[in-house]
$ cat protein_29.tsv   # TSV, C-alpha atoms
chain	number	residue	atom	x	y	z
A	161	MET	CA	-14.64	-90.07	-42.86
A	162	ARG	CA	-17.05	-90.30	-45.79
A	163	ILE	CA	-16.94	-87.35	-48.17
A	164	SER	CA	-20.75	-87.23	-48.08
A	165	ASN	CA	-20.71	-86.62	-44.32
A	166	LEU	CA	-18.12	-83.87	-44.72
A	167	ILE	CA	-20.25	-82.19	-47.38
A	168	GLN	CA	-23.22	-82.42	-45.01
A	169	LYS	CA	-21.12	-80.66	-42.35
A	170	TRP	CA	-20.85	-77.53	-44.53
A	171	SER	CA	-24.26	-77.71	-46.25
A	172	SER	CA	-26.69	-79.06	-43.62
A	173	LEU	CA	-28.19	-81.50	-46.14
A	174	VAL	CA	-31.09	-83.56	-44.85
A	175	PRO	CA	-30.97	-87.37	-45.36
A	176	THR	CA	-33.77	-87.25	-47.94
A	177	ALA	CA	-32.04	-84.65	-50.14
A	178	LYS	CA	-31.09	-85.42	-53.73
A	179	MET	CA	-27.56	-84.58	-54.83
A	180	VAL	CA	-26.59	-83.93	-58.45
A	181	ILE	CA	-22.84	-83.83	-59.13
A	182	VAL	CA	-21.61	-82.13	-62.30
A	183	THR	CA	-18.15	-83.45	-63.14
A	184	ASP	CA	-15.78	-84.43	-65.96
A	185	ASP	CA	-13.34	-87.22	-66.77
A	186	VAL	CA	-10.60	-85.71	-64.59
A	187	GLN	CA	-12.70	-85.37	-61.42
A	188	LYS	CA	-15.22	-88.17	-61.92
A	189	ASN	CA	-13.54	-90.61	-59.51
A	190	ILE	CA	-14.34	-88.33	-56.56
A	191	ALA	CA	-17.92	-87.92	-57.79
A	192	LEU	CA	-18.33	-91.68	-58.14
A	193	ALA	CA	-16.82	-92.23	-54.69
A	194	ILE	CA	-19.48	-89.91	-53.21
A	195	ARG	CA	-22.22	-91.74	-55.10
A	196	ASP	CA	-20.94	-95.15	-54.01
A	197	GLU	CA	-20.91	-94.16	-50.34
A	198	GLY	CA	-24.69	-94.51	-50.49
A	199	VAL	CA	-25.40	-91.75	-48.00
A	200	TYR	CA	-27.51	-89.68	-50.43
A	201	ASP	CA	-29.46	-90.23	-53.63
A	202	VAL	CA	-26.71	-89.10	-56.02
A	203	GLN	CA	-26.96	-88.45	-59.76
A	204	VAL	CA	-23.68	-87.87	-61.65
A	205	GLU	CA	-23.73	-85.65	-64.76
A	206	TYR	CA	-20.68	-85.47	-67.04
A	207	TYR	CA	-19.47	-82.36	-68.82
A	208	SER	CA	-17.21	-82.38	-71.88
A	209	GLN	CA	-16.09	-79.85	-74.45
A	210	THR	CA	-18.63	-81.23	-76.93
A	211	ASP	CA	-21.59	-81.07	-74.56
A	212	GLU	CA	-24.48	-78.76	-75.24
A	213	PHE	CA	-24.97	-78.23	-71.54
A	214	ALA	CA	-27.79	-75.71	-71.75
A	215	ASP	CA	-30.30	-78.59	-72.08
A	216	LYS	CA	-28.82	-80.33	-69.04
A	217	MET	CA	-29.13	-77.12	-67.04
A	218	LYS	CA	-32.86	-77.08	-67.73
A	219	SER	CA	-33.15	-80.56	-66.26
A	220	LEU	CA	-31.60	-79.32	-63.00
A	221	SER	CA	-34.30	-76.73	-62.41
A	222	HIS	CA	-36.51	-79.42	-60.84
A	223	LEU	CA	-34.22	-79.72	-57.81
A	224	LYS	CA	-35.80	-78.51	-54.59
A	225	GLU	CA	-34.29	-75.85	-52.33
A	226	SER	CA	-33.23	-78.55	-49.88
A	227	ASP	CA	-31.44	-80.58	-52.62
A	228	LEU	CA	-27.83	-79.97	-53.68
A	229	LEU	CA	-26.09	-79.19	-56.95
A	230	LEU	CA	-22.39	-79.99	-56.51
A	231	VAL	CA	-19.95	-78.84	-59.22
A	232	MET	CA	-16.62	-80.65	-59.31
A	233	LEU	CA	-14.57	-79.93	-62.45
A	234	SER	CA	-11.06	-79.62	-63.83
A	235	ALA	CA	-9.62	-76.25	-64.81
A	236	ASP	CA	-9.30	-77.41	-68.40
A	237	ILE	CA	-13.00	-78.15	-68.81
A	238	PHE	CA	-13.99	-75.11	-66.77
A	239	VAL	CA	-12.01	-72.68	-68.92
A	240	LYS	CA	-11.34	-74.26	-72.31
A	241	GLY	CA	-14.41	-76.48	-72.29
A	242	GLY	CA	-16.69	-73.55	-71.56
A	243	ALA	CA	-18.18	-74.78	-68.26
A	244	ASN	CA	-17.55	-71.29	-66.90
A	245	ARG	CA	-20.49	-70.15	-69.03
A	246	PHE	CA	-22.79	-72.10	-66.72
A	247	PHE	CA	-21.03	-72.32	-63.34
A	248	SER	CA	-19.25	-69.89	-61.05
A	249	PRO	CA	-17.50	-70.29	-57.68
A	250	PHE	CA	-19.22	-67.14	-56.45
A	251	GLU	CA	-22.86	-67.27	-57.53
A	252	LYS	CA	-25.55	-69.82	-58.30
A	253	PRO	CA	-26.49	-70.60	-61.90
A	254	GLU	CA	-29.64	-68.88	-63.06
A	255	GLY	CA	-32.77	-70.93	-62.47
A	256	ILE	CA	-31.25	-73.21	-59.81
A	257	ARG	CA	-33.25	-73.31	-56.57
A	258	ALA	CA	-31.19	-76.04	-54.88
A	259	LYS	CA	-28.26	-75.53	-52.57
A	260	TYR	CA	-25.14	-74.99	-54.66
A	261	ILE	CA	-21.55	-75.98	-53.91
A	262	PHE	CA	-18.67	-75.19	-56.24
A	263	VAL	CA	-15.58	-77.26	-55.39
A	264	ARG	CA	-12.04	-76.00	-56.03
A	265	LEU	CA	-10.98	-76.84	-59.59
A	266	ASP	CA	-8.64	-79.83	-59.98
A	267	ILE	CA	-8.66	-80.62	-56.26
A	268	SER	CA	-7.54	-84.13	-55.30
A	269	GLN	CA	-9.65	-86.38	-53.12
A	270	LYS	CA	-7.00	-86.16	-50.39
A	271	SER	CA	-7.03	-82.35	-50.37
A	272	LEU	CA	-10.83	-82.28	-50.52
A	273	VAL	CA	-11.12	-84.52	-47.46
A	274	GLN	CA	-8.47	-82.51	-45.61
A	275	GLY	CA	-10.16	-79.22	-46.39
A	276	LEU	CA	-13.67	-80.34	-45.53
A	277	SER	CA	-12.35	-81.84	-42.27
A	278	THR	CA	-11.18	-78.41	-41.08
A	279	GLU	CA	-12.70	-77.44	-37.74
A	280	LYS	CA	-15.33	-74.75	-38.18
A	281	LYS	CA	-14.00	-72.88	-35.16
A	282	ALA	CA	-10.59	-72.55	-36.81
A	283	VAL	CA	-12.22	-71.08	-39.93
A	284	TYR	CA	-14.33	-68.56	-38.05
A	285	ASP	CA	-11.47	-67.63	-35.70
A	286	LYS	CA	-9.24	-66.84	-38.69
A	287	ILE	CA	-11.95	-64.74	-40.33
A	288	ASP	CA	-12.49	-62.85	-37.09
A	289	GLN	CA	-8.75	-62.26	-36.75
A	290	MET	CA	-8.53	-60.71	-40.21
A	291	ASN	CA	-11.67	-58.62	-39.70
A	292	ARG	CA	-10.07	-57.02	-36.65
A	293	ILE	CA	-7.45	-55.43	-38.91
A	294	ARG	CA	-8.42	-51.83	-39.48
A	295	PRO	CA	-8.72	-50.90	-43.17
A	296	GLU	CA	-6.84	-47.93	-44.60
A	297	GLU	CA	-4.17	-48.24	-41.89
A	298	ILE	CA	-0.76	-49.81	-42.42
A	299	VAL	CA	-0.54	-53.60	-42.27
A	300	ARG	CA	2.73	-55.46	-41.91
A	301	VAL	CA	3.18	-59.07	-43.05
A	302	THR	CA	6.26	-61.04	-41.98
A	303	ASN	CA	7.33	-64.66	-41.75
A	304	LYS	CA	10.39	-66.67	-40.71
A	305	SER	CA	11.57	-67.08	-44.31
A	306	GLY	CA	12.19	-63.32	-44.50
A	307	THR	CA	8.98	-61.80	-45.83
A	308	ASP	CA	8.58	-58.21	-44.64
A	309	MET	CA	5.87	-56.25	-46.44
A	310	SER	CA	3.99	-53.12	-45.41
A	311	PHE	CA	0.95	-51.59	-47.13
A	312	ARG	CA	-2.55	-50.28	-46.63
A	313	ILE	CA	-5.60	-52.40	-47.36
A	314	LYS	CA	-9.34	-52.19	-47.84
A	315	PRO	CA	-11.74	-54.29	-45.69
A	316	PHE	CA	-11.52	-58.08	-45.81
A	317	THR	CA	-14.25	-60.01	-47.60
A	318	THR	CA	-14.82	-63.76	-47.29
A	319	CYS	CA	-15.92	-66.28	-49.90
A	320	SER	CA	-19.09	-68.12	-48.86
A	321	HIS	CA	-17.97	-71.34	-47.18
A	322	GLU	CA	-21.02	-72.66	-45.32
A	323	ILE	CA	-24.64	-73.10	-46.39
A	324	THR	CA	-26.88	-72.22	-43.48
A	325	GLU	CA	-30.25	-72.16	-45.26
A	326	ASP	CA	-32.03	-73.92	-48.11
A	327	GLY	CA	-31.14	-72.49	-51.48
A	328	GLY	CA	-27.79	-71.13	-50.28
A	329	MET	CA	-24.34	-71.61	-51.80
A	330	ALA	CA	-20.72	-72.19	-50.86
A	331	PHE	CA	-17.26	-72.38	-52.41
A	332	LEU	CA	-15.53	-75.38	-50.79
A	333	PRO	CA	-13.32	-76.39	-49.13
A	334	PRO	CA	-13.33	-73.12	-47.14
A	335	SER	CA	-11.19	-70.98	-49.39
A	336	GLU	CA	-10.08	-67.54	-48.29
A	337	THR	CA	-10.75	-64.17	-46.80
A	338	SER	CA	-9.05	-61.41	-48.74
A	339	SER	CA	-8.55	-57.69	-48.99
A	340	GLU	CA	-7.61	-55.31	-51.76
A	341	VAL	CA	-4.14	-53.81	-51.36
A	342	ILE	CA	-3.86	-50.07	-51.99
A	343	THR	CA	-1.13	-50.65	-54.53
A	344	GLU	CA	1.08	-47.59	-54.30
A	345	THR	CA	1.43	-48.00	-50.50
A	346	ALA	CA	3.15	-51.40	-50.74
A	347	ASN	CA	6.86	-51.76	-50.07
A	348	GLY	CA	9.17	-54.52	-48.89
A	349	LYS	CA	9.95	-58.09	-49.85
A	350	ILE	CA	7.96	-61.29	-50.19
A	351	VAL	CA	9.87	-64.53	-49.70
A	352	ILE	CA	7.84	-67.26	-51.41
A	353	ASP	CA	8.37	-70.54	-49.55
A	354	ILE	CA	5.33	-72.55	-50.66
A	355	THR	CA	3.95	-71.95	-54.16
A	356	VAL	CA	4.18	-69.74	-57.21
A	357	GLY	CA	0.88	-69.84	-59.06
A	358	GLN	CA	0.33	-70.61	-62.70
A	359	LEU	CA	0.99	-67.53	-64.84
A	360	TYR	CA	-1.65	-66.79	-67.46
A	361	HIS	CA	-1.93	-63.78	-69.75
A	362	PHE	CA	-5.36	-63.27	-71.32
A	363	GLY	CA	-6.07	-66.99	-70.89
A	364	GLN	CA	-2.78	-68.21	-72.38
A	365	LEU	CA	-0.49	-70.18	-70.08
A	366	VAL	CA	2.86	-68.36	-69.87
A	367	GLY	CA	4.47	-70.35	-67.06
A	368	TYR	CA	3.53	-73.32	-64.88
A	369	PHE	CA	5.47	-73.15	-61.63
A	370	GLY	CA	4.08	-74.72	-58.44
A	371	LEU	CA	5.90	-75.75	-55.26
A	372	VAL	CA	9.18	-73.91	-54.76
A	373	THR	CA	12.30	-75.97	-54.07
A	374	SER	CA	14.09	-73.01	-52.51
A	375	PRO	CA	12.74	-69.60	-51.44
A	376	ILE	CA	12.14	-66.93	-54.09
A	377	THR	CA	12.33	-63.27	-53.12
A	378	LEU	CA	10.16	-60.58	-54.69
A	379	VAL	CA	11.23	-56.98	-54.13
A	380	VAL	CA	8.22	-54.62	-54.13
A	381	GLU	CA	8.64	-50.86	-54.44
A	382	ASN	CA	5.64	-48.52	-54.48
A	383	GLY	CA	3.39	-51.46	-55.30
A	384	ILE	CA	5.38	-52.95	-58.22
A	385	ILE	CA	7.68	-55.98	-58.28
A	386	THR	CA	11.07	-54.53	-59.25
A	387	ASP	CA	13.22	-57.65	-58.85
A	388	ILE	CA	12.99	-61.42	-58.37
A	389	THR	CA	15.92	-63.37	-56.92
A	390	GLY	CA	16.59	-66.92	-55.80
A	391	ASP	CA	17.57	-70.36	-57.01
A	392	GLY	CA	15.54	-72.98	-58.83
A	393	MET	CA	12.59	-71.52	-60.71
A	394	ALA	CA	13.36	-67.89	-59.80
A	395	SER	CA	15.12	-66.95	-63.05
A	396	GLU	CA	12.40	-68.45	-65.27
A	397	PHE	CA	9.74	-66.80	-63.13
A	398	LYS	CA	11.43	-63.42	-63.48
A	399	GLU	CA	11.95	-63.79	-67.22
A	400	LYS	CA	8.33	-64.67	-67.91
A	401	LEU	CA	6.72	-62.20	-65.51
A	402	PHE	CA	8.94	-59.30	-66.61
A	403	GLY	CA	8.14	-60.17	-70.21
A	404	LEU	CA	4.56	-59.05	-69.57
A	405	PRO	CA	3.31	-55.45	-69.14
A	406	ALA	CA	4.33	-53.73	-65.91
A	407	ASP	CA	0.75	-53.73	-64.61
A	408	CYS	CA	1.03	-57.52	-64.27
A	409	ARG	CA	3.55	-56.88	-61.48
A	410	LYS	CA	1.26	-54.61	-59.42
A	411	ILE	CA	0.32	-55.97	-55.99
A	412	VAL	CA	-3.47	-55.98	-55.65
A	413	GLU	CA	-4.46	-58.55	-53.01
A	414	LEU	CA	-3.67	-59.98	-49.58
A	415	GLY	CA	-5.43	-63.29	-49.00
A	416	GLN	CA	-5.61	-65.55	-45.96
A	417	GLY	CA	-6.39	-69.26	-46.39
A	418	LEU	CA	-9.09	-71.02	-44.36
A	419	SER	CA	-8.58	-74.79	-44.81
A	420	ASP	CA	-6.25	-77.21	-43.06
A	421	MET	CA	-4.57	-78.80	-46.09
A	422	GLU	CA	-1.08	-79.84	-47.16
A	423	PRO	CA	0.71	-77.93	-49.97
A	424	THR	CA	0.26	-79.47	-53.41
A	425	GLY	CA	1.72	-76.99	-55.91
A	426	LEU	CA	-1.79	-76.30	-57.22
A	427	ILE	CA	-2.44	-72.64	-56.50
A	428	GLY	CA	-6.19	-73.08	-56.01
A	429	VAL	CA	-5.48	-75.46	-53.13
A	430	ASP	CA	-2.36	-73.86	-51.68
A	431	GLU	CA	-3.78	-70.34	-51.44
A	432	SER	CA	-6.54	-71.85	-49.27
A	433	ILE	CA	-4.18	-73.29	-46.62
A	434	ILE	CA	-5.01	-71.86	-43.21
A	435	ASP	CA	-1.34	-71.61	-42.13
A	436	SER	CA	-0.50	-69.54	-45.19
A	437	CYS	CA	-1.30	-66.25	-46.84
A	438	HIS	CA	-1.01	-65.23	-50.46
A	439	PHE	CA	-0.32	-62.07	-52.41
A	440	GLY	CA	-2.05	-61.38	-55.71
A	441	PHE	CA	-0.49	-59.43	-58.60
A	442	GLY	CA	-2.15	-57.98	-61.69
A	443	ASP	CA	-5.72	-56.74	-61.88
A	444	GLY	CA	-7.04	-59.53	-64.07
A	445	GLY	CA	-9.32	-58.02	-66.70
A	446	ASN	CA	-7.30	-54.89	-67.40
A	447	CYS	CA	-3.82	-56.41	-67.68
A	448	GLY	CA	-4.90	-59.97	-68.49
A	449	THR	CA	-3.12	-61.51	-65.50
A	450	HIS	CA	-3.80	-62.37	-61.88
A	451	LEU	CA	-0.88	-64.21	-60.29
A	452	ASP	CA	-0.85	-65.53	-56.71
A	453	VAL	CA	2.17	-66.48	-54.61
A	454	VAL	CA	1.93	-68.27	-51.25
A	455	ILE	CA	4.01	-67.93	-48.08
A	456	SER	CA	3.96	-70.00	-44.89
A	457	ARG	CA	2.99	-69.07	-41.33
A	458	PRO	CA	2.58	-65.33	-41.78
A	459	ALA	CA	2.21	-62.77	-39.03
A	460	ILE	CA	-0.35	-60.24	-40.28
A	461	GLU	CA	-0.42	-57.27	-37.94
A	462	GLN	CA	-1.45	-53.67	-37.73
A	463	ALA	CA	1.73	-51.61	-37.67
A	464	ALA	CA	2.52	-47.93	-37.37
A	465	ILE	CA	5.48	-47.58	-39.72
A	466	GLY	CA	6.75	-44.16	-40.67

$ encode --input "protein_29.tsv" --output "structure tokens"
Amino acid sequence: MRISNLIQKWSSLVPTAKMVIVTDDVQKNIALAIRDEGVYDVQVEYYSQTDEFADKMKSLSHLKESDLLLVMLSADIFVKGGANRFFSPFEKPEGIRAKYIFVRLDISQKSLVQGLSTEKKAVYDKIDQMNRIRPEEIVRVTNKSGTDMSFRIKPFTTCSHEITEDGGMAFLPPSETSSEVITETANGKIVIDITVGQLYHFGQLVGYFGLVTSPITLVVENGIITDITGDGMASEFKEKLFGLPADCRKIVELGQGLSDMEPTGLIGVDESIIDSCHFGFGDGGNCGTHLDVVISRPAIEQAAIG
């Protein structure tokens, strides 16, 4: 199916709408593919580290509420190139009246098509399932690889994934619904059988991991990772994570993916897979790290555990 039609599915664009795609050299092939489909009047704008993009932003203010600003960038340009000064996955840029879609950084065309092809019912059913979990009570997460974690959580919140009115916004493909873990209540083990996310500390890449070749076990006691075991990348993962302050090992998030996609090793994609959930460690701004790890086919249930 054409990418343009899949975008229309989540944004309700009318045929006469204008679409402006902000992209870079890494992601431009997807942007050009959308333009060449000829479904919409598409203008492609390039972003580079040398751009003075403030002037370009002014030129986008003419877009109508029924038009679309689509941002499709690489992580390198978003972070190091400074595009994050102008664009966010979670809110529209100032002065933009048009509909606004922020696409997962570095996503491939294959993953984008898979994610946008996800049935809406599956997305809303999964959100409803998570919202039925009562906050402040004990939640237990298990899977066939051996994960068995118990903790208390706060209410689930969901990233905007569908534009239902002119001037709205979305973060696509449908990404996640997530809850804050009450850290000190968390105990058990997480057996990572999909992906270990990229490990950054105050913006500096410490370790690039990705798809696991064999399961990696995290032991969590009173909300802190106390041990990491397994083959393959496990020893490097432990060395680099334990080389950071202890707060970087604090469990802070339970997230449930919402898109029907195949694992890629890219954490931004894999944490969005609907048949997975992810755990987040580190509180970002305070400790300089937020690390996500992804497990397959979780059972997330309310549990009365003494």

$ residues_around --input "protein_29.tsv" --residues "range 398-413 of chain A" --least-positions-apart "3" --cutoff "6 Å" --atoms "all atoms listed in the file" --output "list in words"
Ser339, Glu340, Val341, Thr343, Gly383, Ile384, Ile385, Ile388, Ser395, Phe439, Gly440, Phe441, Gly442 and Thr449 of chain A

$ residues_around --input "protein_29.tsv" --residues "Lys314 in chain A" --least-positions-apart "4" --cutoff "12 Å" --atoms "all atoms listed in the file" --output "PyMOL selection string"
chain A and resi 290-291+293-299+338-343+345+412-415

$ closest_residue --input "protein_29.tsv" --among "A:Ser172, A:Gln209, A:Gln269, A:Thr355" --to "Glu225 in chain A" --atoms "all atoms listed in the file"
A:Ser172

$ closest_residue --input "protein_29.tsv" --among "A:Lys216, A:Val231, A:Thr210, A:Val366" --to "Asp266 in chain A" --atoms "all atoms listed in the file"
A:Val231

$ residues_around --input "protein_29.tsv" --residues "Lys280 in chain A" --least-positions-apart "3" --cutoff "12 Å" --atoms "all atoms listed in the file" --output "number ranges by chain"
A: 166, 169-170, 275-277, 283-287, 321-322, 333-334, 418-420, 434

$ closest_residue --input "protein_29.tsv" --among "A:Gly242, A:Ala459, A:Ser335, A:Pro253" --to "Asp211 in chain A" --atoms "only C-alpha atoms"
A:Gly242

$ atom_distance --input "protein_29.tsv" --atom1 "CA of Val182 in chain A" --atom2 "CA of Thr318 in chain A"
24.7 Å

$ closest_residue --input "protein_29.tsv" --among "A:Ala243, A:Leu192, A:Leu233, A:Val380" --to "Met217 in chain A" --atoms "only C-alpha atoms"
A:Ala243

$ atom_distance --input "protein_29.tsv" --atom1 "CA of Pro249 in chain A" --atom2 "CA of Val263 in chain A"
7.6 Å

$ closest_residue --input "protein_29.tsv" --among "A:Ser221, A:Gly425, A:Val379, A:Leu365" --to "Lys240 in chain A" --atoms "all atoms listed in the file"
A:Leu365

$ atom_distance --input "protein_29.tsv" --atom1 "CA of Met179 in chain A" --atom2 "CA of Asp196 in chain A"
12.5 Å

$ residues_around --input "protein_29.tsv" --residues "Ile455 in chain A" --least-positions-apart "4" --cutoff "7 Å" --atoms "only C-alpha atoms" --output "list in words"
Val351, Ile352, Asp353, Ile354, Ser436, Cys437 and His438 of chain A
